[in-house]
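Chemist: Below is query-v5.pdb; it holds PDB, C-alpha atoms.
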```
ATOM      1  CA  LYS A   1      71.556  58.177  66.229
ATOM      2  CA  SER A   2      70.126  58.564  62.761
ATOM      3  CA  THR A   3      71.494  58.230  59.216
ATOM      4  CA  LEU A   4      69.843  60.350  56.541
ATOM      5  CA  GLY A   5      70.200  61.209  52.852
ATOM      6  CA  ASN A   6      71.238  57.731  51.698
ATOM      7  CA  GLY A   7      74.105  57.709  54.169
ATOM      8  CA  SER A   8      75.439  61.196  53.405
ATOM      9  CA  THR A   9      74.226  62.686  56.697
ATOM     10  CA  ARG A  10      74.455  61.451  60.260
ATOM     11  CA  LEU A  11      72.693  63.003  63.230
ATOM     12  CA  ASN A  12      73.706  62.002  66.768
ATOM     13  CA  GLY A  13      72.155  63.233  70.002
ATOM     14  CA  SER A  14      72.448  62.374  73.671
ATOM     15  CA  LEU A  15      71.024  63.377  77.055
ATOM     16  CA  PHE A  16      72.517  62.620  80.473
ATOM     17  CA  TYR A  17      71.862  63.166  84.162
ATOM     18  CA  TYR A  18      74.075  62.353  87.165
ATOM     19  CA  ASP A  19      73.240  62.611  90.844
ATOM     20  CA  TYR A  20      76.463  62.316  92.881
ATOM     21  CA  THR A  21      76.922  61.483  96.537
ATOM     22  CA  ASP A  22      80.318  62.546  97.959
ATOM     23  CA  TYR A  23      81.474  63.990  94.628
ATOM     24  CA  GLN A  24      85.228  64.680  94.822
ATOM     25  CA  ALA A  25      85.776  68.423  94.363
ATOM     26  CA  PHE A  26      89.154  70.166  94.322
ATOM     27  CA  LEU A  27      89.246  73.425  96.293
ATOM     28  CA  PHE A  28      92.366  75.510  95.569
ATOM     29  CA  VAL A  29      93.289  78.071  98.251
ATOM     30  CA  GLY A  30      96.592  79.923  98.636
ATOM     31  CA  VAL A  31      99.329  77.876  96.982
ATOM     32  CA  GLY A  32      97.793  74.465  97.558
ATOM     33  CA  GLY A  33      94.504  72.673  97.562
ATOM     34  CA  VAL A  34      92.381  70.055  99.219
ATOM     35  CA  VAL A  35      89.881  67.536  97.918
ATOM     36  CA  ILE A  36      86.460  67.803  99.528
ATOM     37  CA  ASN A  37      83.485  65.488  99.245
ATOM     38  CA  ALA A  38      80.226  67.203  98.365
ATOM     39  CA  ASP A  39      76.993  66.140  96.717
ATOM     40  CA  ALA A  40      76.513  67.274  93.122
ATOM     41  CA  GLU A  41      74.040  67.155  90.261
ATOM     42  CA  THR A  42      74.820  67.434  86.555
ATOM     43  CA  TRP A  43      72.753  67.172  83.413
ATOM     44  CA  GLY A  44      73.345  68.003  79.799
ATOM     45  CA  ALA A  45      72.633  67.419  76.146
ATOM     46  CA  GLU A  46      74.727  67.116  72.991
ATOM     47  CA  LEU A  47      73.778  67.217  69.314
ATOM     48  CA  GLU A  48      76.103  66.498  66.386
ATOM     49  CA  LEU A  49      75.475  66.698  62.650
ATOM     50  CA  GLN A  50      77.877  65.360  59.992
ATOM     51  CA  THR A  51      77.003  65.742  56.345
ATOM     52  CA  SER A  52      78.632  65.422  52.914
ATOM     53  CA  PRO A  53      76.104  66.912  50.474
ATOM     54  CA  THR A  54      78.379  66.517  47.425
ATOM     55  CA  ASP A  55      81.685  64.846  46.608
ATOM     56  CA  GLY A  56      84.546  66.607  48.348
ATOM     57  CA  LEU A  57      82.360  68.802  50.558
ATOM     58  CA  ASP A  58      82.024  68.011  54.275
ATOM     59  CA  PHE A  59      80.326  69.833  57.132
ATOM     60  CA  LEU A  60      80.368  69.148  60.854
ATOM     61  CA  PHE A  61      78.269  70.881  63.520
ATOM     62  CA  ASN A  62      78.259  70.142  67.241
ATOM     63  CA  VAL A  63      76.572  71.841  70.195
ATOM     64  CA  ALA A  64      76.676  70.808  73.857
ATOM     65  CA  TYR A  65      74.820  72.161  76.884
ATOM     66  CA  PHE A  66      75.966  71.390  80.427
ATOM     67  CA  ASP A  67      74.354  72.420  83.721
ATOM     68  CA  ALA A  68      75.993  71.343  86.974
ATOM     69  CA  GLU A  69      75.986  72.265  90.644
ATOM     70  CA  VAL A  70      78.213  71.206  93.535
ATOM     71  CA  LEU A  71      76.361  71.518  96.844
ATOM     72  CA  ASP A  72      77.484  73.013 100.158
ATOM     73  CA  VAL A  73      81.032  74.000  99.249
ATOM     74  CA  PRO A  74      82.915  75.996 101.953
ATOM     75  CA  LEU A  75      84.715  79.234 101.102
ATOM     76  CA  ARG A  76      87.886  77.533 102.291
ATOM     77  CA  SER A  77      88.785  74.598 104.505
ATOM     78  CA  GLY A  78      87.706  75.476 108.039
ATOM     79  CA  SER A  79      85.902  78.695 107.016
ATOM     80  CA  PRO A  80      83.416  80.087 109.587
ATOM     81  CA  LEU A  81      81.160  81.301 106.759
ATOM     82  CA  PRO A  82      78.284  79.064 105.649
ATOM     83  CA  PRO A  83      78.895  76.847 102.593
ATOM     84  CA  ARG A  84      77.102  77.533  99.317
ATOM     85  CA  ASP A  85      76.190  75.833  96.046
ATOM     86  CA  VAL A  86      78.622  76.497  93.181
ATOM     87  CA  GLU A  87      79.393  75.532  89.606
ATOM     88  CA  PRO A  88      82.203  73.031  88.985
ATOM     89  CA  THR A  89      85.455  74.321  87.521
ATOM     90  CA  TYR A  90      86.282  74.271  83.796
ATOM     91  CA  ALA A  91      82.643  73.561  82.948
ATOM     92  CA  PRO A  92      81.229  76.053  80.409
ATOM     93  CA  GLN A  93      77.474  75.875  80.087
ATOM     94  CA  LEU A  94      77.402  76.067  76.291
ATOM     95  CA  GLN A  95      79.959  74.917  73.718
ATOM     96  CA  ALA A  96      79.591  74.760  69.947
ATOM     97  CA  THR A  97      81.820  73.914  66.989
ATOM     98  CA  ALA A  98      81.444  74.017  63.213
ATOM     99  CA  MET A  99      83.758  72.842  60.443
ATOM    100  CA  ALA A 100      83.614  73.048  56.654
ATOM    101  CA  ARG A 101      86.040  71.278  54.286
ATOM    102  CA  TYR A 102      86.217  71.131  50.521
ATOM    103  CA  SER A 103      88.682  68.974  48.558
ATOM    104  CA  TRP A 104      89.360  68.523  44.846
ATOM    105  CA  PRO A 105      91.921  66.776  42.587
ATOM    106  CA  ALA A 106      94.984  68.941  41.864
ATOM    107  CA  LEU A 107      98.674  68.576  40.961
ATOM    108  CA  GLY A 108      98.550  64.789  40.934
ATOM    109  CA  GLY A 109      96.992  64.632  44.374
ATOM    110  CA  GLU A 110      94.249  66.242  46.423
ATOM    111  CA  MET A 111      93.974  69.888  47.430
ATOM    112  CA  ALA A 112      91.745  70.866  50.349
ATOM    113  CA  ILE A 113      90.634  74.011  52.106
ATOM    114  CA  GLN A 114      89.161  73.928  55.599
ATOM    115  CA  GLY A 115      87.800  76.332  58.167
ATOM    116  CA  ASP A 116      86.521  75.732  61.685
ATOM    117  CA  VAL A 117      85.096  77.815  64.493
ATOM    118  CA  ALA A 118      84.616  76.923  68.173
ATOM    119  CA  TYR A 119      82.662  78.794  70.847
ATOM    120  CA  SER A 120      82.822  78.372  74.615
ATOM    121  CA  ASP A 121      80.822  80.063  77.357
ATOM    122  CA  GLU A 122      82.581  81.628  80.318
ATOM    123  CA  PHE A 123      83.680  79.289  83.118
ATOM    124  CA  TYR A 124      85.273  79.368  86.572
ATOM    125  CA  TYR A 125      88.723  78.008  87.293
ATOM    126  CA  ASN A 126      88.231  78.005  91.075
ATOM    127  CA  LEU A 127      85.470  76.131  92.859
ATOM    128  CA  ARG A 128      84.689  79.136  95.054
ATOM    129  CA  ASN A 129      83.178  80.849  91.983
ATOM    130  CA  PHE A 130      84.583  84.339  92.534
ATOM    131  CA  ASP A 131      84.198  86.660  89.550
ATOM    132  CA  ALA A 132      87.979  87.211  89.631
ATOM    133  CA  ASP A 133      88.427  83.466  89.027
ATOM    134  CA  LYS A 134      86.487  83.319  85.767
ATOM    135  CA  PHE A 135      87.568  83.110  82.127
ATOM    136  CA  ASP A 136      85.443  85.007  79.604
ATOM    137  CA  SER A 137      83.616  83.333  76.754
ATOM    138  CA  TYR A 138      85.554  83.070  73.502
ATOM    139  CA  THR A 139      85.305  82.151  69.834
ATOM    140  CA  MET A 140      88.282  80.502  68.106
ATOM    141  CA  VAL A 141      88.636  80.481  64.305
ATOM    142  CA  ASN A 142      91.147  78.419  62.311
ATOM    143  CA  ALA A 143      91.819  78.072  58.583
ATOM    144  CA  LEU A 144      93.856  75.529  56.636
ATOM    145  CA  ILE A 145      94.844  74.758  53.054
ATOM    146  CA  SER A 146      96.585  71.488  52.245
ATOM    147  CA  TRP A 147      97.819  69.258  49.428
ATOM    148  CA  GLU A 148      98.272  65.491  49.695
ATOM    149  CA  SER A 149      99.868  63.234  47.102
ATOM    150  CA  SER A 150      97.796  60.467  45.541
ATOM    151  CA  ASP A 151      99.758  57.768  47.414
ATOM    152  CA  GLN A 152      99.309  59.706  50.687
ATOM    153  CA  GLY A 153     103.080  59.800  51.083
ATOM    154  CA  TRP A 154     103.392  63.602  51.062
ATOM    155  CA  LEU A 155     101.307  66.183  52.880
ATOM    156  CA  ALA A 156     101.887  69.940  52.772
ATOM    157  CA  THR A 157      99.854  72.405  54.844
ATOM    158  CA  LEU A 158      99.504  76.135  55.351
ATOM    159  CA  ALA A 159      97.459  77.090  58.410
ATOM    160  CA  VAL A 160      96.318  80.098  60.391
ATOM    161  CA  ARG A 161      95.359  79.354  63.987
ATOM    162  CA  ASN A 162      93.312  81.666  66.212
ATOM    163  CA  LEU A 163      92.584  83.868  63.221
ATOM    164  CA  THR A 164      90.870  86.607  65.255
ATOM    165  CA  ASP A 165      93.653  86.642  67.878
ATOM    166  CA  GLU A 166      91.240  85.672  70.663
ATOM    167  CA  ARG A 167      92.425  85.757  74.292
ATOM    168  CA  ALA A 168      91.100  82.387  75.429
ATOM    169  CA  GLY A 169      91.859  81.121  78.932
ATOM    170  CA  ILE A 170      93.114  77.603  79.615
ATOM    171  CA  GLN A 171      94.110  77.379  83.279
ATOM    172  CA  GLY A 172      94.162  79.637  86.317
ATOM    173  CA  PHE A 173      95.122  79.713  89.994
ATOM    174  CA  ASP A 174      93.829  82.106  92.641
ATOM    175  CA  LEU A 175      96.879  83.383  94.591
ATOM    176  CA  ALA A 176      95.063  86.239  96.363
ATOM    177  CA  THR A 177      96.152  85.123  99.837
ATOM    178  CA  LEU A 178      99.777  84.887  98.697
ATOM    179  CA  CYS A 179     100.348  87.900  96.437
ATOM    180  CA  GLY A 180      96.941  89.466  95.804
ATOM    181  CA  CYS A 181      97.055  88.159  92.230
ATOM    182  CA  ASN A 182      95.988  85.322  89.955
ATOM    183  CA  GLU A 183      98.244  83.158  87.830
ATOM    184  CA  VAL A 184      96.604  82.366  84.491
ATOM    185  CA  SER A 185      97.568  80.889  81.128
ATOM    186  CA  TYR A 186      95.982  81.392  77.713
ATOM    187  CA  ARG A 187      95.798  79.669  74.361
ATOM    188  CA  ALA A 188      98.366  80.729  71.786
ATOM    189  CA  PRO A 189      97.691  84.044  69.999
ATOM    190  CA  ARG A 190      97.187  84.168  66.237
ATOM    191  CA  TYR A 191      99.965  82.336  64.435
ATOM    192  CA  TYR A 192     100.783  80.929  61.014
ATOM    193  CA  SER A 193     102.346  77.573  60.292
ATOM    194  CA  VAL A 194     103.767  75.748  57.268
ATOM    195  CA  GLY A 195     104.216  72.015  57.375
ATOM    196  CA  VAL A 196     105.552  69.242  55.142
ATOM    197  CA  ARG A 197     105.200  65.595  56.125
ATOM    198  CA  ARG A 198     106.601  62.484  54.485
ATOM    199  CA  SER A 199     105.035  59.119  55.349
ATOM    200  CA  PHE A 200     106.914  55.880  54.727
TER     201      PHE A 200
END
```
Any chance you could give the structure as structure tokens?
Modeler:
Amino acid sequence: KSTLGNGSTRLNGSLFYYDYTDYQAFLFVGVGGVVINADAETWGAELELQTSPTDGLDFLFNVAYFDAEVLDVPLRSGSPLPPRDVEPTYAPQLQATAMARYSWPALGGEMAIQGDVAYSDEFYYNLRNFDADKFDSYTMVNALISWESSDQGWLATLAVRNLTDERAGIQGFDLATLCGCNEVSYRAPRYYSVGVRRSF
């Protein structure tokens, strides 16, 4: 951790490594699943930068790298095929976010405009690591304009979420042995919202 620019900038970084024995891994097959114990290794790094170069202007940047492997995982419980090393589920290798916000006095309160973007690498949602059980990488963009009263009692917002209408996966189930299909869910498509909040 480091503070720079007379306190206007903060830089945080971390490294980690785990070596697991009998790591608990969830293997979903058919319409149910089992928990198996397998050895695993994970390591990663994260870097975050927060800075406010001038009054009312804020930036945030974050990037994380994650590399993990679960060892000797069977294709299914009781499979005659040899086990293999796989990636854990819901574990993208690279993720990054950035946010910019600018605020200024207006209408007896504070007006602000904000934009943020988030990137995620592709990832598997089934421990067997079939290509059919993988969500693609995605980039999510959001934008927001807001006004808050000087006593912080009123807050009004106008927002656009998922500005580029990205098809970003959240959760999936491999139902190939049941119906020859997968059941998946995605983040909400592009939408607009207006909000007014009163705090007492």
Chemist: Leaving out Asp55 of chain A and any residue of its chain fewer than 6 positions from it, which residues lie within 12 Å of it when counting all atoms listed in the file, given as a PyMOL selection string?
Modeler: chain A and resi 8+101-105
Chemist: Run the PyMOL selection byres ((chain A and resi 181-193) around 12) on the file and write out the hits as a PyMOL selection string.
Modeler: chain A and resi 28-31+124-126+130-136+138-146+156-180+194-196
Chemist: Can you give me, as an MDAnalysis selection string, the residues this file yields under the PyMOL selection byres ((chain A and resi 107) around 10)?
Modeler: chainID A and resid 105:106 108:111 147:150
Chemist: Env of segment 78-89 of chain A: 9 Å cut, atoms = all atoms listed in the file, seq-sep filter 5 positions within chain, self excluded. Answer as a PDB file with C-alpha atoms, in the coordinates of the input.
Modeler:
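Generated file (selection-v1.pdb):
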```pdb
ATOM      1  CA  ALA A  25      85.776  68.423  94.363  1.00  0.00           C
ATOM      2  CA  PHE A  26      89.154  70.166  94.322  1.00  0.00           C
ATOM      3  CA  ASP A  67      74.354  72.420  83.721  1.00  0.00           C
ATOM      4  CA  ALA A  68      75.993  71.343  86.974  1.00  0.00           C
ATOM      5  CA  GLU A  69      75.986  72.265  90.644  1.00  0.00           C
ATOM      6  CA  VAL A  70      78.213  71.206  93.535  1.00  0.00           C
ATOM      7  CA  LEU A  71      76.361  71.518  96.844  1.00  0.00           C
ATOM      8  CA  ASP A  72      77.484  73.013 100.158  1.00  0.00           C
ATOM      9  CA  VAL A  73      81.032  74.000  99.249  1.00  0.00           C
ATOM     10  CA  PHE A 123      83.680  79.289  83.118  1.00  0.00           C
ATOM     11  CA  TYR A 124      85.273  79.368  86.572  1.00  0.00           C
ATOM     12  CA  TYR A 125      88.723  78.008  87.293  1.00  0.00           C
ATOM     13  CA  ASN A 126      88.231  78.005  91.075  1.00  0.00           C
ATOM     14  CA  LEU A 127      85.470  76.131  92.859  1.00  0.00           C
ATOM     15  CA  ARG A 128      84.689  79.136  95.054  1.00  0.00           C
ATOM     16  CA  ASN A 129      83.178  80.849  91.983  1.00  0.00           C
TER      17      ASN A 129
END
```
Chemist: Counting only C-alpha atoms, figure out which residue out of A:Thr21, A:Val34, A:Gln50, A:Leu155 gets nearest to Gly7 of chain A.
Modeler: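 Closest to Gly7 of chain A, using only C-alpha atoms: A:Gln50.
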Chemist: Restricting the calculation to all atoms listed in the file: of A:Asp151, A:Gly56, A:Leu94, A:Glu41, which residue gets closest to Ile113 of chain A?
Modeler: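 Closest residue, counting all atoms listed in the file: A:Gly56.
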Chemist: To one decimal in Å, tell me the separation between atom CA of Ser199 of chain A and atom CA of Asp58 of chain A.
Modeler: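 Those two atoms sit 24.7 Å apart.
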Chemist: Determine the nearest neighbour of Ser137 of chain A from the options A:Gln152, A:Asn12, A:Asn62, A:Gln93, counting only C-alpha atoms.
Modeler: A:Gln93
Chemist: Work out how far apart atom CA of Ala96 of chain A and atom CA of Leu60 of chain A are and give it in Å to one decimal.
Modeler: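 Between these atoms lies a distance of 10.7 Å.
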Chemist: Could you check the closest approach to Phe66 of chain A for each of A:Thr42, A:Ser120, A:Ser14, A:Asn37 and tell me which residue wins, using all atoms listed in the file?
Modeler: A:Thr42
Chemist: Expressed in Å to a single decimal, how great is the separation between atom CA of Phe61 of chain A and atom CA of Gly5 of chain A?
Modeler: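 Computed distance, atom CA of Phe61 of chain A to atom CA of Gly5 of chain A, equals 16.5 Å.
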Chemist: With all atoms listed in the file as the basis for distance, which of A:Met99, A:Ala91, A:Val35, A:Ala64 is at the shortest distance from Leu15 of chain A?
Modeler: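 Smallest separation from Leu15 of chain A among the options: A:Ala64.
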Chemist: What lies within 10 Å of Val63 of chain A using all atoms listed in the file, ignoring chain neighbours under 6 positions off, as a list in words?
Modeler: Gly13, Ala45, Glu46, Leu47, Glu48, Leu49, Leu94, Gln95, Ala96, Thr97, Ala98, Ala118 and Tyr119 of chain A
Chemist: Closest to Trp43 of chain A among A:Tyr17, A:Glu122, A:Leu57, A:Lys1, using only C-alpha atoms?
Modeler: A:Tyr17
